[in-house]
file protein27.txt (compact mmCIF, C-alpha atoms)
# COMPACT_ATOMS: atom_id res chain seq x y z
CA MET A 10 -16.44 -54.38 4.07
CA PHE A 11 -14.47 -53.09 1.09
CA LEU A 12 -14.23 -49.62 2.65
CA VAL A 13 -12.93 -51.05 5.93
CA PHE A 14 -10.36 -53.14 4.06
CA GLY A 15 -9.31 -50.11 2.01
CA CYS A 16 -8.83 -48.01 5.14
CA LEU A 17 -6.78 -50.83 6.70
CA VAL A 18 -4.54 -50.95 3.62
CA VAL A 19 -4.04 -47.17 3.75
CA PHE A 20 -3.16 -47.41 7.43
CA MET A 21 -0.68 -50.25 6.87
CA ILE A 22 1.02 -48.47 3.99
CA GLY A 23 1.31 -45.33 6.07
CA CYS A 24 2.99 -47.31 8.83
CA ALA A 25 5.32 -49.19 6.49
CA GLU A 26 6.58 -46.23 4.46
CA LYS A 27 7.76 -43.03 6.05
CA PRO A 28 9.39 -39.99 4.43
CA ASN A 29 12.97 -39.17 5.27
CA PRO A 30 13.56 -36.25 7.66
CA GLY A 31 13.99 -33.01 5.75
CA SER A 32 12.10 -34.21 2.68
CA THR A 33 8.70 -32.81 3.67
CA PHE A 34 7.04 -29.88 1.95
CA SER A 35 3.66 -28.14 1.99
CA VAL A 36 1.35 -27.28 -0.90
CA MET A 37 -1.66 -24.99 -1.13
CA SER A 38 -4.12 -24.81 -4.01
CA TYR A 39 -6.08 -21.56 -4.04
CA ASN A 40 -8.69 -20.25 -6.48
CA VAL A 41 -8.48 -16.56 -5.58
CA GLY A 42 -11.70 -15.66 -7.42
CA ASN A 43 -12.14 -12.82 -9.89
CA ARG A 44 -15.93 -12.95 -10.11
CA THR A 45 -16.68 -11.92 -6.54
CA SER A 46 -17.71 -8.44 -5.50
CA PRO A 47 -15.66 -6.74 -4.25
CA ILE A 48 -12.73 -8.29 -6.09
CA PRO A 49 -10.08 -9.68 -3.70
CA THR A 50 -6.99 -7.51 -3.28
CA THR A 51 -3.34 -8.50 -3.04
CA ARG A 52 -3.35 -7.62 0.65
CA GLN A 53 -6.43 -9.72 1.43
CA VAL A 54 -5.11 -12.78 -0.39
CA ALA A 55 -1.68 -12.44 1.21
CA GLU A 56 -3.23 -12.16 4.68
CA VAL A 57 -5.04 -15.49 4.29
CA ILE A 58 -1.88 -17.24 3.11
CA LEU A 59 0.31 -15.72 5.82
CA LYS A 60 -2.19 -16.45 8.58
CA HIS A 61 -2.38 -20.15 7.77
CA GLY A 62 1.30 -20.69 7.07
CA VAL A 63 3.02 -19.91 3.79
CA PRO A 64 3.31 -23.20 1.88
CA ASP A 65 6.49 -24.25 0.11
CA ILE A 66 4.49 -24.45 -3.13
CA LEU A 67 1.44 -22.28 -3.87
CA LEU A 68 -0.78 -23.22 -6.82
CA ILE A 69 -2.98 -20.30 -7.85
CA GLN A 70 -6.03 -20.14 -10.14
CA ASP A 71 -8.45 -17.41 -11.19
CA THR A 72 -6.20 -14.53 -10.18
CA PRO A 73 -7.95 -11.17 -10.65
CA TRP A 74 -6.20 -8.98 -13.20
CA GLU A 75 -5.99 -6.31 -10.50
CA ILE A 76 -3.56 -8.57 -8.62
CA LYS A 77 -0.06 -8.53 -10.09
CA ILE A 78 1.69 -11.89 -9.69
CA LYS A 79 4.99 -10.24 -8.76
CA ASP A 80 3.27 -8.14 -6.09
CA LEU A 81 1.64 -11.21 -4.55
CA ALA A 82 4.97 -13.06 -4.55
CA GLU A 83 6.62 -10.18 -2.71
CA ALA A 84 3.74 -9.81 -0.24
CA VAL A 85 3.89 -13.48 0.74
CA GLY A 86 7.68 -13.86 0.51
CA TYR A 87 8.34 -16.12 -2.48
CA SER A 88 11.64 -15.96 -4.32
CA TYR A 89 10.43 -17.95 -7.32
CA PHE A 90 7.24 -17.87 -9.35
CA ILE A 91 5.92 -18.68 -12.81
CA THR A 92 2.94 -16.83 -14.21
CA GLY A 93 0.76 -18.19 -16.94
CA ARG A 94 0.11 -14.63 -18.11
CA LYS A 95 3.47 -14.68 -19.88
CA MET A 96 2.76 -18.02 -21.53
CA ALA A 97 -0.86 -17.99 -22.68
CA VAL A 98 -3.60 -15.58 -23.61
CA ARG A 99 -5.87 -14.70 -20.67
CA SER A 100 -4.18 -17.15 -18.30
CA ASN A 101 -4.95 -16.59 -14.63
CA LEU A 102 -2.69 -19.38 -13.33
CA ALA A 103 0.52 -19.10 -11.33
CA ILE A 104 2.94 -21.26 -9.33
CA PHE A 105 4.91 -19.82 -6.42
CA SER A 106 7.78 -21.68 -4.77
CA ARG A 107 10.46 -21.42 -2.11
CA LEU A 108 12.64 -23.57 -4.41
CA PRO A 109 13.74 -22.80 -7.98
CA LEU A 110 11.20 -23.71 -10.68
CA SER A 111 12.14 -24.99 -14.12
CA ASN A 112 10.69 -26.27 -17.42
CA PRO A 113 7.35 -24.44 -17.31
CA ASN A 114 4.63 -25.72 -19.63
CA THR A 115 1.08 -24.68 -20.41
CA ILE A 116 -1.26 -27.50 -21.43
CA HIS A 117 -4.26 -26.11 -23.28
CA PHE A 118 -7.51 -28.04 -23.10
CA HIS A 119 -9.17 -26.28 -26.04
CA LEU A 120 -8.06 -25.98 -29.65
CA ASN A 121 -8.05 -22.19 -29.52
CA ASN A 122 -5.32 -22.20 -26.84
CA SER A 123 -7.37 -20.12 -24.41
CA THR A 124 -8.48 -20.83 -20.88
CA PRO A 125 -9.08 -23.27 -19.26
CA ALA A 126 -5.63 -24.77 -19.09
CA ALA A 127 -2.98 -26.23 -16.79
CA LEU A 128 0.32 -24.61 -15.87
CA CYS A 129 3.08 -27.03 -14.86
CA ALA A 130 6.65 -26.66 -13.63
CA GLU A 131 9.32 -28.77 -11.97
CA THR A 132 11.40 -28.33 -8.85
CA ARG A 133 13.92 -30.43 -6.96
CA VAL A 134 13.08 -31.68 -3.49
CA SER A 135 15.81 -33.64 -1.67
CA GLY A 136 17.37 -34.56 -5.00
CA LYS A 137 14.07 -35.71 -6.54
CA THR A 138 12.27 -34.09 -9.48
CA VAL A 139 8.71 -33.20 -8.55
CA LEU A 140 6.16 -31.92 -11.06
CA PHE A 141 3.58 -29.39 -9.88
CA CYS A 142 0.55 -28.45 -11.97
CA THR A 143 -2.09 -25.84 -11.25
CA LEU A 144 -5.24 -26.11 -13.35
CA HIS A 145 -8.62 -24.52 -13.81
CA LEU A 146 -11.28 -26.48 -15.68
CA SER A 147 -14.26 -24.81 -17.31
CA THR A 148 -17.12 -23.77 -15.04
CA LEU A 149 -20.46 -25.58 -15.11
CA ARG A 150 -22.22 -22.32 -14.30
CA PHE A 151 -22.37 -21.31 -17.97
CA THR A 152 -23.99 -24.63 -18.87
CA TYR A 153 -26.55 -24.17 -16.11
CA ASP A 154 -27.28 -20.56 -17.12
CA ARG A 155 -27.74 -21.61 -20.75
CA ILE A 156 -30.27 -24.28 -19.77
CA VAL A 157 -32.28 -21.79 -17.72
CA ARG A 158 -32.00 -19.08 -20.39
CA GLU A 159 -33.39 -21.47 -22.99
CA GLY A 160 -36.42 -22.15 -20.83
CA GLY A 161 -35.31 -25.28 -19.04
CA ALA A 162 -36.38 -25.99 -15.47
CA GLN A 163 -33.71 -25.52 -12.80
CA ILE A 164 -33.86 -28.90 -11.04
CA PRO A 165 -34.00 -31.04 -14.23
CA GLY A 166 -31.21 -28.89 -15.62
CA VAL A 167 -29.00 -29.58 -12.62
CA LEU A 168 -29.80 -33.29 -12.77
CA GLY A 169 -28.85 -33.34 -16.46
CA ILE A 170 -25.50 -31.70 -15.72
CA LEU A 171 -24.84 -34.21 -12.94
CA ARG A 172 -25.74 -37.13 -15.22
CA ASP A 173 -23.26 -35.93 -17.83
CA GLU A 174 -20.49 -35.32 -15.29
CA TYR A 175 -20.86 -38.74 -13.71
CA PHE A 176 -21.51 -40.97 -16.71
CA ARG A 177 -20.71 -39.28 -20.03
CA GLU A 178 -17.71 -37.90 -21.84
CA THR A 179 -17.61 -34.16 -21.24
CA GLN A 180 -15.30 -31.23 -21.69
CA HIS A 181 -14.03 -31.92 -18.17
CA SER A 182 -13.27 -35.58 -18.77
CA ARG A 183 -11.53 -34.81 -22.08
CA SER A 184 -9.41 -32.11 -20.42
CA VAL A 185 -8.33 -34.45 -17.64
CA GLU A 186 -7.44 -37.22 -20.07
CA LYS A 187 -5.34 -34.78 -22.12
CA LEU A 188 -3.42 -33.66 -19.03
CA LEU A 189 -2.87 -37.23 -17.80
CA LYS A 190 -1.62 -38.27 -21.23
CA TRP A 191 0.84 -35.36 -21.25
CA ILE A 192 2.11 -36.28 -17.78
CA GLU A 193 2.50 -39.95 -18.71
CA SER A 194 4.79 -38.92 -21.58
CA LYS A 195 7.26 -37.50 -19.05
CA ARG A 196 9.31 -39.00 -16.23
CA TYR A 197 9.11 -37.56 -12.72
CA ASP A 198 9.87 -38.88 -9.26
CA ALA A 199 6.60 -37.46 -7.94
CA ILE A 200 3.60 -35.48 -9.20
CA ILE A 201 1.14 -33.08 -7.59
CA LEU A 202 -1.93 -31.62 -9.30
CA GLY A 203 -3.93 -28.88 -7.64
CA GLY A 204 -6.69 -26.63 -8.75
CA ASP A 205 -10.30 -25.82 -9.38
CA PHE A 206 -11.71 -28.81 -11.24
CA ASN A 207 -15.26 -27.38 -11.33
CA THR A 208 -16.72 -30.83 -10.82
CA PHE A 209 -17.78 -32.98 -7.90
CA LEU A 210 -16.54 -36.00 -6.01
CA PHE A 211 -16.64 -39.31 -7.91
CA THR A 212 -17.53 -37.78 -11.31
CA LYS A 213 -15.95 -39.25 -14.43
CA PRO A 214 -13.04 -36.74 -14.58
CA ILE A 215 -12.29 -37.21 -10.88
CA ARG A 216 -12.41 -41.00 -11.27
CA ALA A 217 -9.95 -40.70 -14.17
CA ILE A 218 -7.50 -38.80 -11.98
CA THR A 219 -7.87 -41.07 -8.94
CA SER A 220 -7.08 -44.06 -11.12
CA HIS A 221 -3.57 -42.56 -11.31
CA LEU A 222 -3.26 -40.26 -8.29
CA ASP A 223 -4.59 -40.01 -4.73
CA ASP A 224 -6.80 -37.29 -3.26
CA ALA A 225 -4.90 -35.47 -0.52
CA LEU A 226 -8.04 -35.01 1.59
CA TRP A 227 -8.61 -38.76 1.87
CA PRO A 228 -8.84 -39.84 4.59
CA SER A 229 -9.71 -36.70 6.54
CA ALA A 230 -12.68 -34.92 8.08
CA ASP A 231 -12.65 -32.46 5.16
CA TYR A 232 -13.05 -35.07 2.40
CA PHE A 233 -16.77 -34.32 1.95
CA ALA A 234 -16.58 -30.65 2.99
CA GLY A 235 -17.31 -27.86 0.52
CA THR A 236 -14.79 -25.45 -1.00
CA TYR A 237 -17.07 -23.36 -3.25
CA ARG A 238 -19.06 -20.86 -1.21
CA ASN A 239 -21.30 -19.32 -3.90
CA PHE A 240 -23.15 -22.50 -4.84
CA ARG A 241 -26.88 -21.85 -5.16
CA PHE A 242 -27.90 -24.86 -3.09
CA PRO A 243 -27.65 -25.47 0.68
CA ILE A 244 -24.94 -28.17 0.40
CA LYS A 245 -21.69 -26.62 -0.80
CA PRO A 246 -19.59 -28.83 -3.09
CA ARG A 247 -15.89 -29.53 -3.03
CA ILE A 248 -14.60 -28.62 -6.47
CA ASP A 249 -11.02 -27.77 -5.40
CA TYR A 250 -8.54 -30.63 -5.07
CA ILE A 251 -4.93 -31.59 -4.51
CA PHE A 252 -3.88 -34.95 -5.99
CA TYR A 253 -0.53 -36.68 -5.45
CA SER A 254 1.36 -39.60 -6.93
CA GLN A 255 3.20 -42.62 -5.63
CA GLY A 256 6.49 -41.76 -4.00
CA LEU A 257 4.77 -39.28 -1.70
CA ASP A 258 3.30 -39.72 1.75
CA ARG A 259 0.44 -37.39 2.61
CA LEU A 260 1.11 -36.27 6.18
CA LYS A 261 -1.71 -33.76 6.62
CA ALA A 262 -4.42 -32.07 4.57
CA GLU A 263 -7.22 -29.61 5.25
CA ILE A 264 -9.55 -27.01 3.82
CA ILE A 265 -8.72 -23.47 4.96
CA ARG A 266 -12.08 -21.93 5.78
CA GLU A 267 -11.13 -18.33 5.16
CA THR A 268 -11.00 -16.34 1.92
CA PRO A 269 -11.94 -12.93 0.47
CA GLY A 270 -13.12 -14.73 -2.68
CA ASP A 271 -15.58 -17.53 -3.40
CA HIS A 272 -13.30 -20.56 -2.98
CA TYR A 273 -11.62 -21.92 0.14
CA PRO A 274 -7.96 -22.94 -0.27
CA VAL A 275 -6.87 -26.56 0.18
CA LYS A 276 -3.55 -27.20 1.95
CA ALA A 277 -1.54 -30.39 2.36
CA VAL A 278 1.83 -31.53 3.69
CA PHE A 279 3.76 -34.28 1.91
CA GLY A 280 6.92 -36.27 2.41
CA LEU A 281 9.07 -37.95 -0.21
CA ILE A 282 9.36 -41.70 0.30
CA GLU A 283 12.64 -43.40 -0.49
CA PRO A 284 12.41 -46.92 -1.97
CA GLY A 285 12.73 -49.52 0.75
CA ASN A 286 11.72 -47.14 3.57

call {"tool": "encode", "arguments": {"input": "protein27.txt", "output": "structure tokens"}}
result
Amino acid sequence: MFLVFGCLVVFMIGCAEKPNPGSTFSVMSYNVGNRTSPIPTTRQVAEVILKHGVPDILLIQDTPWEIKIKDLAEAVGYSYFITGRKMAVRSNLAIFSRLPLSNPNTIHFHLNNSTPAALCAETRVSGKTVLFCTLHLSTLRFTYDRIVREGGAQIPGVLGILRDEYFRETQHSRSVEKLLKWIESKRYDAIILGGDFNTFLFTKPIRAITSHLDDALWPSADYFAGTYRNFRFPIKPRIDYIFYSQGLDRLKAEIIRETPGDHYPVKAVFGLIEPGN
């Protein structure tokens, strides 16, 4: 009953508020993948992006060091980009844009200022200031490997990781809270977060985000679809997300089921909503 009511509310809001013509823009979040073999090349990554329509904003994570950010920008046709490699040690984050980017910031989740982190920047869309953040949270694979290496059984180990992610404070939940606190200290007309969160639907860090922002893939056929291809179990999880704030109308969203790496990109189209529309 609650789900039906929630869907009805979403439908009514979508009908009541429409973006102004010319205020729409597209966003893609893409973990390129630097742990696959062979390592993705600039040409391969560019081909996927070009084939499925170059977004106005491209949020990149896990860029192989063999791929130069400037080369990828030129291959895809972006005039503006910000690379985390110039702002933080070992950063593999980047933001590409058709519009000028300003006020770049790196938000570190660990005290040693290393990865994982978030890279944020602003741009102006139809006179509004929109914040875009690309982020890459720590992988759970190392936790799983440590459990197995120390003699733990695989299935109980996985169940323990899931228990922590869903019900306990973890590195992921602390990282998300730090980012949300940083965002709340600023003032923007709209906000979009995209990236590899390395956690699953409805976990504590995802619930923290969705208490402030909406998941671009809801409602859609891809909401429960997987984005990480190298998962060791038959059901592939969605660990890549795009979240958006009030002031935006999500017009379309999908998972792009093509990649030379181990993650599928997520792409969405948004429109700015003017008050009273």

call {"tool": "residues_around", "arguments": {"input": "protein27.txt", "residues": "region 228-242 of chain A", "least_positions_apart": "4", "cutoff": "8 Å", "atoms": "all atoms listed in the file", "output": "PyMOL selection string"}}
result
chain A and resi 246-249+262-264+271-274

call {"tool": "atom_distance", "arguments": {"input": "protein27.txt", "atom1": "CA of Thr148 (chain A)", "atom2": "CA of Asn207 (chain A)"}}
result
5.5 Å

call {"tool": "residues_around", "arguments": {"input": "protein27.txt", "residues": "Ala55 (chain A)", "least_positions_apart": "6", "cutoff": "12 Å", "atoms": "all atoms listed in the file", "output": "ChimeraX atom specification"}}
result
/A:39,41,49,61-64,67,76,78,80-87,267-269

call {"tool": "atom_distance", "arguments": {"input": "protein27.txt", "atom1": "CA of Phe176 (chain A)", "atom2": "CA of Ser100 (chain A)"}}
result
29.5 Å

call {"tool": "atom_distance", "arguments": {"input": "protein27.txt", "atom1": "CA of Arg52 (chain A)", "atom2": "CA of Thr132 (chain A)"}}
result
27.1 Å

call {"tool": "residues_near_point", "arguments": {"input": "protein27.txt", "point": "(15.3, -34.2, -1.3)", "cutoff": "9 Å", "atoms": "only C-alpha atoms", "output": "JSON, numbers by chain"}}
result
{"A": [29, 31, 32, 33, 133, 134, 135, 136, 137, 138, 281]}

call {"tool": "closest_atom_pairs", "arguments": {"input": "protein27.txt", "of": "region 72-95 of chain A", "to": "region 106-130 of chain A", "cutoff": "7 Å", "atoms": "all atoms listed in the file", "output": "CSV"}}
result
residue,atom,partner,partner_atom,distance
A:Tyr87,CA,A:Arg107,CA,5.7
A:Ser88,CA,A:Arg107,CA,6.0
A:Tyr89,CA,A:Ser106,CA,5.2
A:Phe90,CA,A:Ser106,CA,6.0
A:Gly93,CA,A:Leu128,CA,6.5

call {"tool": "closest_residue", "arguments": {"input": "protein27.txt", "among": "A:Glu193, A:Pro284, A:Val278, A:Pro73", "to": "Pro47 (chain A)", "atoms": "only C-alpha atoms"}}
result
A:Pro73

call {"tool": "closest_residue", "arguments": {"input": "protein27.txt", "among": "A:Val36, A:Ile282, A:Ala103, A:Ile91", "to": "Ala225 (chain A)", "atoms": "only C-alpha atoms"}}
result
A:Val36

call {"tool": "closest_residue", "arguments": {"input": "protein27.txt", "among": "A:Gly270, A:Gly42, A:Pro214, A:Gly256", "to": "Ser182 (chain A)", "atoms": "all atoms listed in the file"}}
result
A:Pro214
